[in-house]
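File shown: my_file10.txt. Contents: compact mmCIF, C-alpha atoms and all ligand atoms.
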# COMPACT_ATOMS: atom_id res chain seq x y z
CA MET A 189 0.00 0.00 0.00
CA ASN A 190 1.05 3.58 -0.65
CA GLU A 191 2.43 5.08 2.59
CA ALA A 192 1.04 8.53 1.77
CA ALA A 193 -2.46 7.18 1.17
CA LYS A 194 -5.22 8.33 3.49
CA ILE A 195 -7.69 5.96 1.87
CA SER A 196 -6.83 2.93 -0.26
CA CYS A 197 -9.18 0.67 -2.16
CA ARG A 198 -7.92 -2.72 -3.26
CA GLY A 199 -9.78 -5.11 -5.53
CA LEU A 200 -13.11 -3.48 -4.76
CA ARG A 201 -16.06 -5.37 -6.25
CA LYS A 202 -19.71 -4.45 -6.05
CA SER A 203 -22.66 -5.80 -8.01
CA PHE A 204 -26.38 -5.19 -7.79
CA GLY A 205 -28.02 -8.38 -9.07
CA SER A 206 -26.45 -9.06 -12.45
CA LEU A 207 -25.08 -5.51 -12.78
CA THR A 208 -21.38 -5.28 -11.93
CA VAL A 209 -20.60 -1.69 -10.91
CA LEU A 210 -17.14 -1.99 -9.35
CA ASP A 211 -14.97 -4.68 -10.89
CA GLY A 212 -11.79 -5.02 -8.86
CA LEU A 213 -11.09 -1.32 -8.41
CA ASP A 214 -7.82 -0.04 -6.94
CA LEU A 215 -7.45 3.56 -5.78
CA ASP A 216 -5.15 5.52 -3.47
CA VAL A 217 -6.34 8.88 -2.16
CA LEU A 218 -3.36 10.79 -0.81
CA GLY A 219 -3.50 12.70 2.48
CA GLY A 220 -4.33 16.38 1.91
CA GLU A 221 -5.14 16.12 -1.79
CA THR A 222 -8.34 16.95 -3.64
CA LEU A 223 -9.12 14.06 -5.95
CA VAL A 224 -11.91 14.52 -8.48
CA ILE A 225 -13.66 11.38 -9.70
CA LEU A 226 -15.08 11.63 -13.19
CA GLY A 227 -17.00 9.22 -15.34
CA ARG A 228 -20.15 8.75 -17.36
CA SER A 229 -23.56 8.77 -15.67
CA GLY A 230 -24.16 5.37 -14.16
CA SER A 231 -20.48 4.44 -14.16
CA GLY A 232 -20.52 3.98 -10.38
CA LYS A 233 -19.04 7.19 -8.95
CA SER A 234 -21.66 7.51 -6.21
CA VAL A 235 -21.42 3.81 -5.45
CA LEU A 236 -17.64 4.14 -5.17
CA ILE A 237 -17.63 7.06 -2.76
CA LYS A 238 -20.31 5.45 -0.59
CA HIS A 239 -17.78 2.66 -0.03
CA LEU A 240 -15.27 5.18 1.33
CA ASN A 241 -17.34 5.89 4.43
CA VAL A 242 -18.84 2.40 4.44
CA LEU A 243 -22.39 3.45 3.57
CA LEU A 244 -22.04 0.53 1.18
CA ARG A 245 -20.01 -2.61 1.74
CA PRO A 246 -18.17 -4.33 -1.09
CA ASP A 247 -18.80 -7.89 -2.25
CA ALA A 248 -15.02 -8.33 -2.25
CA GLY A 249 -11.90 -6.27 -1.73
CA SER A 250 -11.01 -3.73 0.92
CA VAL A 251 -11.18 -0.08 1.83
CA MET A 252 -8.33 0.94 4.09
CA PHE A 253 -8.63 4.14 6.10
CA GLU A 254 -5.21 5.17 7.44
CA GLY A 255 -4.03 1.62 6.88
CA ARG A 256 -6.95 -0.08 8.64
CA ASP A 257 -9.50 -2.18 6.75
CA VAL A 258 -12.86 -0.60 7.56
CA THR A 259 -15.09 -2.79 5.38
CA ALA A 260 -15.43 -5.52 7.98
CA LEU A 261 -16.21 -3.20 10.91
CA ARG A 262 -19.61 -3.41 12.59
CA GLU A 263 -21.93 -0.38 12.65
CA HIS A 264 -20.92 0.69 16.18
CA GLN A 265 -17.24 0.47 15.28
CA LEU A 266 -17.84 2.79 12.33
CA VAL A 267 -18.82 5.83 14.43
CA ASP A 268 -15.19 6.89 14.56
CA VAL A 269 -14.68 6.49 10.82
CA ARG A 270 -17.87 8.40 10.01
CA LEU A 271 -16.72 11.30 12.22
CA LYS A 272 -13.48 11.46 10.25
CA VAL A 273 -14.99 10.89 6.80
CA ALA A 274 -17.81 13.36 6.24
CA MET A 275 -20.33 13.46 3.39
CA PRO A 276 -21.88 16.92 3.69
CA PHE A 277 -24.40 16.81 0.86
CA GLN A 278 -25.82 13.37 1.43
CA ALA A 279 -29.62 13.59 1.02
CA GLY A 280 -31.40 15.35 3.87
CA ALA A 281 -28.29 17.29 4.85
CA LEU A 282 -30.20 19.85 6.95
CA PHE A 283 -33.14 19.32 9.30
CA ASP A 284 -35.96 21.57 8.06
CA SER A 285 -37.46 22.03 11.53
CA LEU A 286 -34.23 23.22 13.18
CA THR A 287 -32.61 26.66 12.87
CA ILE A 288 -29.24 26.92 11.14
CA GLU A 289 -27.56 27.23 14.53
CA GLU A 290 -29.32 24.11 15.83
CA ASN A 291 -28.47 22.24 12.65
CA ILE A 292 -24.77 23.02 12.95
CA ALA A 293 -24.69 22.27 16.67
CA PHE A 294 -26.50 18.96 16.10
CA PRO A 295 -23.47 16.68 15.55
CA MET A 296 -21.60 18.38 18.41
CA ASN A 297 -24.56 17.78 20.73
CA GLN A 298 -24.90 14.21 19.52
CA HIS A 299 -21.24 13.46 20.18
CA LYS A 300 -21.03 15.70 23.27
CA VAL A 301 -18.17 17.80 21.91
CA GLY A 302 -17.15 20.56 24.37
CA THR A 303 -19.38 22.61 26.69
CA VAL A 304 -22.59 24.35 25.63
CA ALA A 305 -20.76 27.71 25.49
CA GLU A 306 -17.94 26.21 23.42
CA ARG A 307 -20.44 24.74 21.00
CA ARG A 308 -22.14 28.14 20.64
CA ASP A 309 -18.80 29.81 19.86
CA ARG A 310 -17.92 27.07 17.42
CA VAL A 311 -21.21 27.54 15.53
CA THR A 312 -20.42 31.26 15.14
CA GLU A 313 -16.90 30.47 13.98
CA LEU A 314 -18.12 27.85 11.48
CA LEU A 315 -20.75 30.19 10.06
CA GLU A 316 -18.01 32.75 9.47
CA THR A 317 -15.78 30.10 7.86
CA VAL A 318 -18.43 29.24 5.26
CA GLY A 319 -19.52 32.86 4.69
CA LEU A 320 -22.85 32.68 6.53
CA ALA A 321 -22.13 34.93 9.51
CA GLY A 322 -25.25 36.04 11.39
CA THR A 323 -27.66 33.45 10.00
CA HIS A 324 -27.96 31.58 13.34
CA LYS A 325 -31.70 31.99 13.76
CA ARG A 326 -32.74 31.46 10.15
CA MET A 327 -34.59 28.32 9.09
CA PRO A 328 -33.17 26.26 6.19
CA SER A 329 -36.25 27.19 4.11
CA GLU A 330 -35.23 30.85 4.41
CA LEU A 331 -31.87 30.25 2.75
CA SER A 332 -31.02 29.93 -0.94
CA GLY A 333 -29.73 26.63 -2.33
CA GLY A 334 -26.14 27.87 -2.23
CA MET A 335 -26.51 29.04 1.36
CA ARG A 336 -27.99 25.70 2.38
CA LYS A 337 -24.95 23.97 0.87
CA ARG A 338 -22.70 26.25 2.94
CA ALA A 339 -24.69 25.46 6.08
CA ALA A 340 -24.38 21.73 5.35
CA LEU A 341 -20.63 22.20 4.98
CA ALA A 342 -20.47 24.01 8.33
CA ARG A 343 -22.40 21.20 9.96
CA SER A 344 -19.98 18.59 8.61
CA LEU A 345 -16.98 20.61 9.74
CA ALA A 346 -18.31 20.89 13.29
CA VAL A 347 -16.81 17.55 14.32
CA LYS A 348 -13.46 18.24 12.62
CA PRO A 349 -13.46 15.62 9.87
CA GLU A 350 -10.24 14.73 8.05
CA VAL A 351 -11.83 13.62 4.78
CA MET A 352 -14.68 15.24 2.88
CA LEU A 353 -16.69 13.30 0.30
CA TYR A 354 -18.58 15.61 -2.04
CA ASP A 355 -21.07 14.02 -4.43
CA GLU A 356 -22.02 16.63 -7.05
CA PRO A 357 -21.52 19.68 -4.80
CA THR A 358 -22.52 22.23 -7.45
CA THR A 359 -25.40 20.44 -9.16
CA GLY A 360 -28.47 22.66 -9.35
CA LEU A 361 -26.56 25.88 -8.62
CA ASP A 362 -26.05 28.77 -11.02
CA PRO A 363 -22.45 29.11 -12.33
CA VAL A 364 -21.51 31.91 -9.93
CA THR A 365 -22.86 30.16 -6.84
CA GLY A 366 -21.31 26.90 -8.07
CA HIS A 367 -17.95 28.58 -8.37
CA GLN A 368 -18.28 29.99 -4.85
CA ILE A 369 -18.86 26.47 -3.53
CA ASN A 370 -15.81 25.23 -5.46
CA GLU A 371 -13.76 28.07 -3.95
CA LEU A 372 -14.98 27.08 -0.52
CA ILE A 373 -14.04 23.42 -1.14
CA ARG A 374 -10.56 24.57 -2.12
CA SER A 375 -10.15 26.96 0.80
CA LEU A 376 -11.35 24.37 3.35
CA GLN A 377 -8.78 21.94 2.00
CA GLU A 378 -6.03 24.55 2.41
CA GLN A 379 -7.23 25.86 5.78
CA PHE A 380 -7.79 22.52 7.49
CA GLY A 381 -5.52 20.22 5.47
CA LEU A 382 -8.57 18.19 4.48
CA THR A 383 -8.37 15.28 2.10
CA SER A 384 -11.22 15.77 -0.36
CA ILE A 385 -12.89 13.54 -2.91
CA VAL A 386 -15.19 15.32 -5.32
CA VAL A 387 -17.57 13.65 -7.76
CA THR A 388 -18.79 16.11 -10.34
CA HIS A 389 -20.01 16.66 -13.88
CA ASP A 390 -18.97 20.31 -13.67
CA LEU A 391 -15.77 20.04 -15.68
CA ALA A 392 -14.59 23.62 -15.29
CA GLY A 393 -15.14 23.27 -11.53
CA ALA A 394 -13.32 19.94 -11.54
CA THR A 395 -10.28 21.57 -13.10
CA PHE A 396 -10.42 24.33 -10.50
CA VAL A 397 -10.54 22.11 -7.41
CA ALA A 398 -8.54 19.06 -8.51
CA ASP A 399 -4.99 18.21 -7.53
CA ARG A 400 -5.56 14.96 -9.42
CA MET A 401 -8.36 13.41 -11.41
CA ALA A 402 -9.44 9.78 -11.62
CA PHE A 403 -11.51 8.44 -14.50
CA LEU A 404 -13.89 5.62 -13.58
CA TYR A 405 -14.66 3.35 -16.51
CA HIS A 406 -16.18 -0.13 -16.61
CA GLY A 407 -15.75 -0.65 -12.89
CA VAL A 408 -12.11 0.34 -12.52
CA ILE A 409 -10.01 3.50 -12.38
CA ARG A 410 -8.88 3.55 -15.97
CA LYS A 411 -6.52 6.50 -15.51
CA ILE A 412 -5.47 8.78 -12.65
CA GLY A 413 -3.29 11.88 -12.91
CA SER A 414 -3.05 15.64 -13.19
CA VAL A 415 -5.47 17.54 -15.41
CA SER A 416 -2.84 17.90 -18.14
CA GLU A 417 -1.95 14.20 -17.94
CA MET A 418 -5.62 13.28 -18.35
CA CYS A 419 -6.05 15.62 -21.31
CA ALA A 420 -2.89 14.26 -22.99
CA GLU A 421 -3.90 10.59 -22.53
CA SER A 422 -4.17 8.61 -25.77
CA ASP A 423 -6.25 5.71 -24.38
CA PRO A 424 -9.45 6.13 -26.46
CA ALA A 425 -11.83 5.68 -23.48
CA VAL A 426 -10.09 8.48 -21.57
CA HIS A 427 -9.44 10.60 -24.62
CA GLU A 428 -13.09 10.66 -25.71
CA PHE A 429 -14.28 11.91 -22.32
CA PHE A 430 -11.56 14.49 -21.87
CA SER A 431 -11.61 15.82 -25.42
CA LEU A 432 -15.38 16.34 -25.35
CA GLY A 433 -15.31 17.85 -21.88
CA ASN A 434 -14.79 21.54 -21.44
CA PHE A 435 -11.55 21.26 -19.45
CA ARG A 436 -9.62 24.43 -18.85
CA GLN A 437 -6.08 23.15 -18.91
CA PRO A 438 -3.79 24.77 -16.37
N1 LIG A 501 -28.70 0.52 -4.20
C1 LIG A 501 -28.68 0.17 -5.49
N2 LIG A 501 -29.37 -0.89 -5.93
C2 LIG A 501 -29.32 -1.27 -7.23
N3 LIG A 501 -28.61 -0.65 -8.17
C3 LIG A 501 -27.89 0.42 -7.79
C4 LIG A 501 -27.89 0.88 -6.43
N4 LIG A 501 -27.08 1.97 -6.37
C5 LIG A 501 -26.61 2.16 -7.60
N5 LIG A 501 -27.08 1.26 -8.46
C6 LIG A 501 -26.75 1.14 -9.88
O1 LIG A 501 -25.34 1.19 -10.01
C7 LIG A 501 -24.96 1.92 -11.17
C8 LIG A 501 -24.02 3.05 -10.78
O2 LIG A 501 -24.74 4.01 -10.04
P1 LIG A 501 -24.11 5.36 -9.50
O3 LIG A 501 -25.20 6.05 -8.78
O4 LIG A 501 -22.89 5.07 -8.71
O5 LIG A 501 -23.71 6.10 -10.83
P2 LIG A 501 -22.99 7.51 -10.97
O6 LIG A 501 -21.71 7.31 -11.68
O7 LIG A 501 -22.95 8.18 -9.65
O8 LIG A 501 -24.01 8.27 -11.96
P3 LIG A 501 -24.44 9.82 -12.00
O9 LIG A 501 -23.30 10.53 -12.63
O10 LIG A 501 -25.64 9.82 -12.89
O11 LIG A 501 -24.73 10.25 -10.59
C9 LIG A 501 -26.26 2.40 -11.81
O12 LIG A 501 -26.60 1.54 -12.85
C10 LIG A 501 -27.26 2.30 -10.69
O13 LIG A 501 -28.55 2.08 -11.18
MG MG A 502 -23.90 9.83 -8.83

Represent the structure from my file as structure tokens, please.
Amino acid sequence: MNEAAKISCRGLRKSFGSLTVLDGLDLDVLGGETLVILGRSGSGKSVLIKHLNVLLRPDAGSVMFEGRDVTALREHQLVDVRLKVAMPFQAGALFDSLTIEENIAFPMNQHKVGTVAERRDRVTELLETVGLAGTHKRMPSELSGGMRKRAALARSLAVKPEVMLYDEPTTGLDPVTGHQINELIRSLQEQFGLTSIVVTHDLAGATFVADRMAFLYHGVIRKIGSVSEMCAESDPAVHEFFSLGNFRQP
């Protein structure tokens, strides 16, 4: 295994009935990098990242988090892993009946992090970090889509995760708001040294956030590398995707 890897997948296999989605996939996500996962619709990107925080379990193969195989852990042993590997935009990210402040404090209350006063200060600090200062008492329904994404990010950050899994973070947002979210993803990585995995169809955004890109094709990572390496690749499967995509080469 790669010593610098924060998360490693080896021989990952996952099928649903007769449909093979992951077919012996190997992947190393390096500590502190932002890795963008690209691939056609239905290629298995969401299925892959759900294996990284064990929302799904593989039929075969392993997912190592900091060198430890997490695929065989029981639910109660996964609490630790799930605190470290956050998925901020998983469906139902915010509770509609709670204020923004209560939403962000929720995981800290659940895991009894710090005193009540410390949690209050932390909520204020997190709202500032994501550019939502002063929205404590607002309800999620009173925020725009972009603001709700920021609030969901703040809530994930509350328990100090080390890895962020973003599944289509900018889908449904206008280009300006989408770019602001991409800037936030980048700045959180730099500020907190987060390891980030981003699944997206927003190719300009992918180029902006990515340290490396991985192309998922027929159940395996067909190619992984820098944006320019991906764009220069001659393998027809990779070339087709990257030549049709609107990649802004660095
Ligand atoms: N829980 C499930 N049960 C059965 N089939 C599933 C399940 N989850 C995913 N699949 C199937 O696995 C394949 C890969 O799905 P996945 O959602 O990972 O694609 P994706 O690459 O994320 O696509 P998109 O870019 O459209 O989001 C699809 O054919 C999907 O129908
Ligand atoms: Mg998906």

Surrounding residues as a ChimeraX atom specification, ligand LIG 501 (chain A), max 8 Å, only C-alpha atoms and all ligand atoms | /A:203-205,207-209,227-236,356,387-389

Of the residues A:Ala398, A:Ala321, A:Leu286, A:Leu404, which is the one nearest to ligand MG 502 (chain A), using only C-alpha atoms and all ligand atoms?
->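 Closest residue, counting only C-alpha atoms and all ligand atoms: A:Leu404.
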
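Nearest residue to ligand MG 502 (chain A) among A:Arg270, A:Lys325, A:Lys238, A:Arg374 is A:Lys238, counting only C-alpha atoms and all ligand atoms.
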
Which of these, A:Thr222, A:Gln298, A:Thr287, A:Thr359, has the shortest distance to ligand MG 502 (chain A) once you count all atoms listed in the file?
->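 With all atoms listed in the file as the atom set, the closest residue is A:Thr359.
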
Would you mind reading off the distance between atom CA of Ala339 of chain A and atom CA of Ala293 of chain A, one decimal, in Å?
->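 So the answer is 11.1 Å.
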
Pick out the residues sitting within 12 Å of Thr365 of chain A, and hand them over as a CSV table (one decimal) with C-alpha atoms, keeping the file's coordinate frame; count all atoms listed in the file, and ignore anything fewer than 3 positions along from it in its own chain.
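Saved as selection.csv:
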chain,number,residue,atom,x,y,z
A,332,SER,CA,-31.0,29.9,-0.9
A,333,GLY,CA,-29.7,26.6,-2.3
A,334,GLY,CA,-26.1,27.9,-2.2
A,335,MET,CA,-26.5,29.0,1.4
A,336,ARG,CA,-28.0,25.7,2.4
A,337,LYS,CA,-25.0,24.0,0.9
A,338,ARG,CA,-22.7,26.2,2.9
A,357,PRO,CA,-21.5,19.7,-4.8
A,358,THR,CA,-22.5,22.2,-7.4
A,359,THR,CA,-25.4,20.4,-9.2
A,360,GLY,CA,-28.5,22.7,-9.4
A,361,LEU,CA,-26.6,25.9,-8.6
A,362,ASP,CA,-26.0,28.8,-11.0
A,368,GLN,CA,-18.3,30.0,-4.8
A,369,ILE,CA,-18.9,26.5,-3.5
A,370,ASN,CA,-15.8,25.2,-5.5
A,371,GLU,CA,-13.8,28.1,-4.0
A,372,LEU,CA,-15.0,27.1,-0.5
A,393,GLY,CA,-15.1,23.3,-11.5

Can you work out which one of A:Val217, A:Ile373, A:Leu243, A:Leu226 has the shortest atom-to-atom distance to ligand MG 502 (chain A), counting only C-alpha atoms and all ligand atoms?
-> A:Leu226

Which of these, A:Thr323, A:Gln278, A:Ser416, A:Ser196, has the shortest distance to ligand MG 502 (chain A) once you count all atoms listed in the file?
-> A:Gln278

Using all atoms listed in the file, which of A:Glu289, A:Glu330, A:Asp247, A:Asp268 sits nearest Leu315 of chain A?
->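 Among A:Glu289, A:Glu330, A:Asp247, A:Asp268, it is A:Glu289 that comes nearest to Leu315 of chain A.
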
Pick out the residues sitting within 8 Å of Ala340 of chain A, and hand them over as a compact mmCIF listing (two decimals) with C-alpha atoms, in the coordinates of the input; count all atoms listed in the file, and ignore anything fewer than 4 positions along from it in its own chain.
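Below is the file selection21.txt, written as the result:
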# COMPACT_ATOMS: atom_id res chain seq x y z
CA PRO A 276 -21.88 16.92 3.69
CA PHE A 277 -24.40 16.81 0.86
CA ALA A 281 -28.29 17.29 4.85
CA LEU A 282 -30.20 19.85 6.95
CA ILE A 292 -24.77 23.02 12.95
CA ARG A 336 -27.99 25.70 2.38
CA SER A 344 -19.98 18.59 8.61

Skipping near chain neighbours, those fewer than 2 positions away, what residues fall within 12 Å of Ser431 of chain A using only C-alpha atoms, listed as JSON, numbers by chain?
-> {"A": [391, 415, 416, 418, 419, 420, 421, 422, 423, 424, 425, 426, 427, 428, 429, 433, 434, 435, 436, 437]}

Counting only C-alpha atoms, select every polymer residue within 10 Å of (-11.6, 14.3, 5.3) as defined in the file's coordinates, and provide the selection as a PDB file with C-alpha atoms, in the coordinates of the input.
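File written: part-v3.pdb
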ATOM      1  CA  LYS A 194      -5.220   8.330   3.490  1.00  0.00           C
ATOM      2  CA  ILE A 195      -7.690   5.960   1.870  1.00  0.00           C
ATOM      3  CA  GLY A 219      -3.500  12.700   2.480  1.00  0.00           C
ATOM      4  CA  GLY A 220      -4.330  16.380   1.910  1.00  0.00           C
ATOM      5  CA  GLU A 221      -5.140  16.120  -1.790  1.00  0.00           C
ATOM      6  CA  THR A 222      -8.340  16.950  -3.640  1.00  0.00           C
ATOM      7  CA  ARG A 270     -17.870   8.400  10.010  1.00  0.00           C
ATOM      8  CA  LEU A 271     -16.720  11.300  12.220  1.00  0.00           C
ATOM      9  CA  LYS A 272     -13.480  11.460  10.250  1.00  0.00           C
ATOM     10  CA  VAL A 273     -14.990  10.890   6.800  1.00  0.00           C
ATOM     11  CA  ALA A 274     -17.810  13.360   6.240  1.00  0.00           C
ATOM     12  CA  MET A 275     -20.330  13.460   3.390  1.00  0.00           C
ATOM     13  CA  SER A 344     -19.980  18.590   8.610  1.00  0.00           C
ATOM     14  CA  LEU A 345     -16.980  20.610   9.740  1.00  0.00           C
ATOM     15  CA  LYS A 348     -13.460  18.240  12.620  1.00  0.00           C
ATOM     16  CA  PRO A 349     -13.460  15.620   9.870  1.00  0.00           C
ATOM     17  CA  GLU A 350     -10.240  14.730   8.050  1.00  0.00           C
ATOM     18  CA  VAL A 351     -11.830  13.620   4.780  1.00  0.00           C
ATOM     19  CA  MET A 352     -14.680  15.240   2.880  1.00  0.00           C
ATOM     20  CA  LEU A 353     -16.690  13.300   0.300  1.00  0.00           C
ATOM     21  CA  GLN A 377      -8.780  21.940   2.000  1.00  0.00           C
ATOM     22  CA  PHE A 380      -7.790  22.520   7.490  1.00  0.00           C
ATOM     23  CA  GLY A 381      -5.520  20.220   5.470  1.00  0.00           C
ATOM     24  CA  LEU A 382      -8.570  18.190   4.480  1.00  0.00           C
ATOM     25  CA  THR A 383      -8.370  15.280   2.100  1.00  0.00           C
ATOM     26  CA  SER A 384     -11.220  15.770  -0.360  1.00  0.00           C
ATOM     27  CA  ILE A 385     -12.890  13.540  -2.910  1.00  0.00           C
TER      28      ILE A 385
END

Could you name the residues that touch segment 300-304 of chain A at 8 Å or less, counting all atoms listed in the file, but leaving out those on the same chain fewer than 4 positions away, as number ranges by chain?
-> A: 296, 308, 347

Rounded to one decimal place, report the atom CA of Asp390 of chain A-atom CA of Phe403 of chain A distance in Å.
->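 Separating atom CA of Asp390 of chain A from atom CA of Phe403 of chain A is a distance of 14.0 Å.
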
Name all residues at most 9 Å from Glu290 of chain A (count all atoms listed in the file; drop same-chain ones fewer than 6 positions away) and give them as a PyMOL selection string.
-> chain A and resi 283+311+324-325

Which distance in Å separates atom CA of Asn297 of chain A and atom CA of Gly322 of chain A, to one decimal?
-> 20.5 Å

Where atoms are absent from segment 323-349 of chain A, fill them in so it carries N, CA and C atoms, then output it as a compact mmCIF listing (two decimals), keeping the file's coordinate frame.
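Output (result.txt):
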# COMPACT_ATOMS: atom_id res chain seq x y z
N THR A 323 -26.43 34.13 10.42
CA THR A 323 -27.66 33.45 10.00
C THR A 323 -28.15 32.44 11.04
N HIS A 324 -27.65 32.54 12.27
CA HIS A 324 -27.96 31.58 13.34
C HIS A 324 -29.44 31.20 13.43
N LYS A 325 -30.28 32.24 13.43
CA LYS A 325 -31.70 31.99 13.76
C LYS A 325 -32.56 31.71 12.53
N ARG A 326 -31.96 31.71 11.36
CA ARG A 326 -32.74 31.46 10.15
C ARG A 326 -33.11 29.98 10.06
N MET A 327 -34.20 29.71 9.35
CA MET A 327 -34.59 28.32 9.09
C MET A 327 -34.01 27.94 7.72
N PRO A 328 -33.71 26.65 7.50
CA PRO A 328 -33.17 26.26 6.19
C PRO A 328 -34.03 26.76 5.02
N SER A 329 -35.35 26.77 5.20
CA SER A 329 -36.25 27.19 4.11
C SER A 329 -36.07 28.68 3.77
N GLU A 330 -35.45 29.42 4.67
CA GLU A 330 -35.23 30.85 4.41
C GLU A 330 -33.89 31.13 3.73
N LEU A 331 -33.16 30.07 3.42
CA LEU A 331 -31.87 30.25 2.75
C LEU A 331 -31.95 29.80 1.30
N SER A 332 -31.10 30.36 0.47
CA SER A 332 -31.02 29.93 -0.94
C SER A 332 -30.32 28.57 -0.99
N GLY A 333 -30.37 27.93 -2.17
CA GLY A 333 -29.73 26.63 -2.33
C GLY A 333 -28.25 26.67 -2.01
N GLY A 334 -27.58 27.73 -2.48
CA GLY A 334 -26.14 27.87 -2.23
C GLY A 334 -25.85 28.05 -0.75
N MET A 335 -26.71 28.82 -0.08
CA MET A 335 -26.51 29.04 1.36
C MET A 335 -26.75 27.75 2.14
N ARG A 336 -27.73 26.97 1.69
CA ARG A 336 -27.99 25.70 2.38
C ARG A 336 -26.78 24.76 2.22
N LYS A 337 -26.15 24.80 1.07
CA LYS A 337 -24.95 23.97 0.87
C LYS A 337 -23.85 24.41 1.84
N ARG A 338 -23.70 25.73 1.99
CA ARG A 338 -22.70 26.25 2.94
C ARG A 338 -23.00 25.79 4.37
N ALA A 339 -24.29 25.87 4.72
CA ALA A 339 -24.69 25.46 6.08
C ALA A 339 -24.39 23.97 6.29
N ALA A 340 -24.67 23.18 5.26
CA ALA A 340 -24.38 21.73 5.35
C ALA A 340 -22.88 21.50 5.52
N LEU A 341 -22.09 22.31 4.84
CA LEU A 341 -20.63 22.20 4.98
C LEU A 341 -20.23 22.52 6.42
N ALA A 342 -20.79 23.60 6.95
CA ALA A 342 -20.47 24.01 8.33
C ALA A 342 -20.83 22.89 9.30
N ARG A 343 -21.98 22.27 9.07
CA ARG A 343 -22.40 21.20 9.96
C ARG A 343 -21.43 20.02 9.91
N SER A 344 -20.96 19.68 8.72
CA SER A 344 -19.98 18.59 8.61
C SER A 344 -18.67 18.93 9.29
N LEU A 345 -18.27 20.21 9.18
CA LEU A 345 -16.98 20.61 9.74
C LEU A 345 -16.99 20.66 11.26
N ALA A 346 -18.19 20.70 11.84
CA ALA A 346 -18.31 20.89 13.29
C ALA A 346 -17.54 19.84 14.08
N VAL A 347 -17.50 18.62 13.57
CA VAL A 347 -16.81 17.55 14.32
C VAL A 347 -15.39 17.29 13.80
N LYS A 348 -14.85 18.29 13.09
CA LYS A 348 -13.46 18.24 12.62
C LYS A 348 -13.11 16.98 11.83
N PRO A 349 -13.79 16.78 10.70
CA PRO A 349 -13.46 15.62 9.87
C PRO A 349 -12.09 15.78 9.23
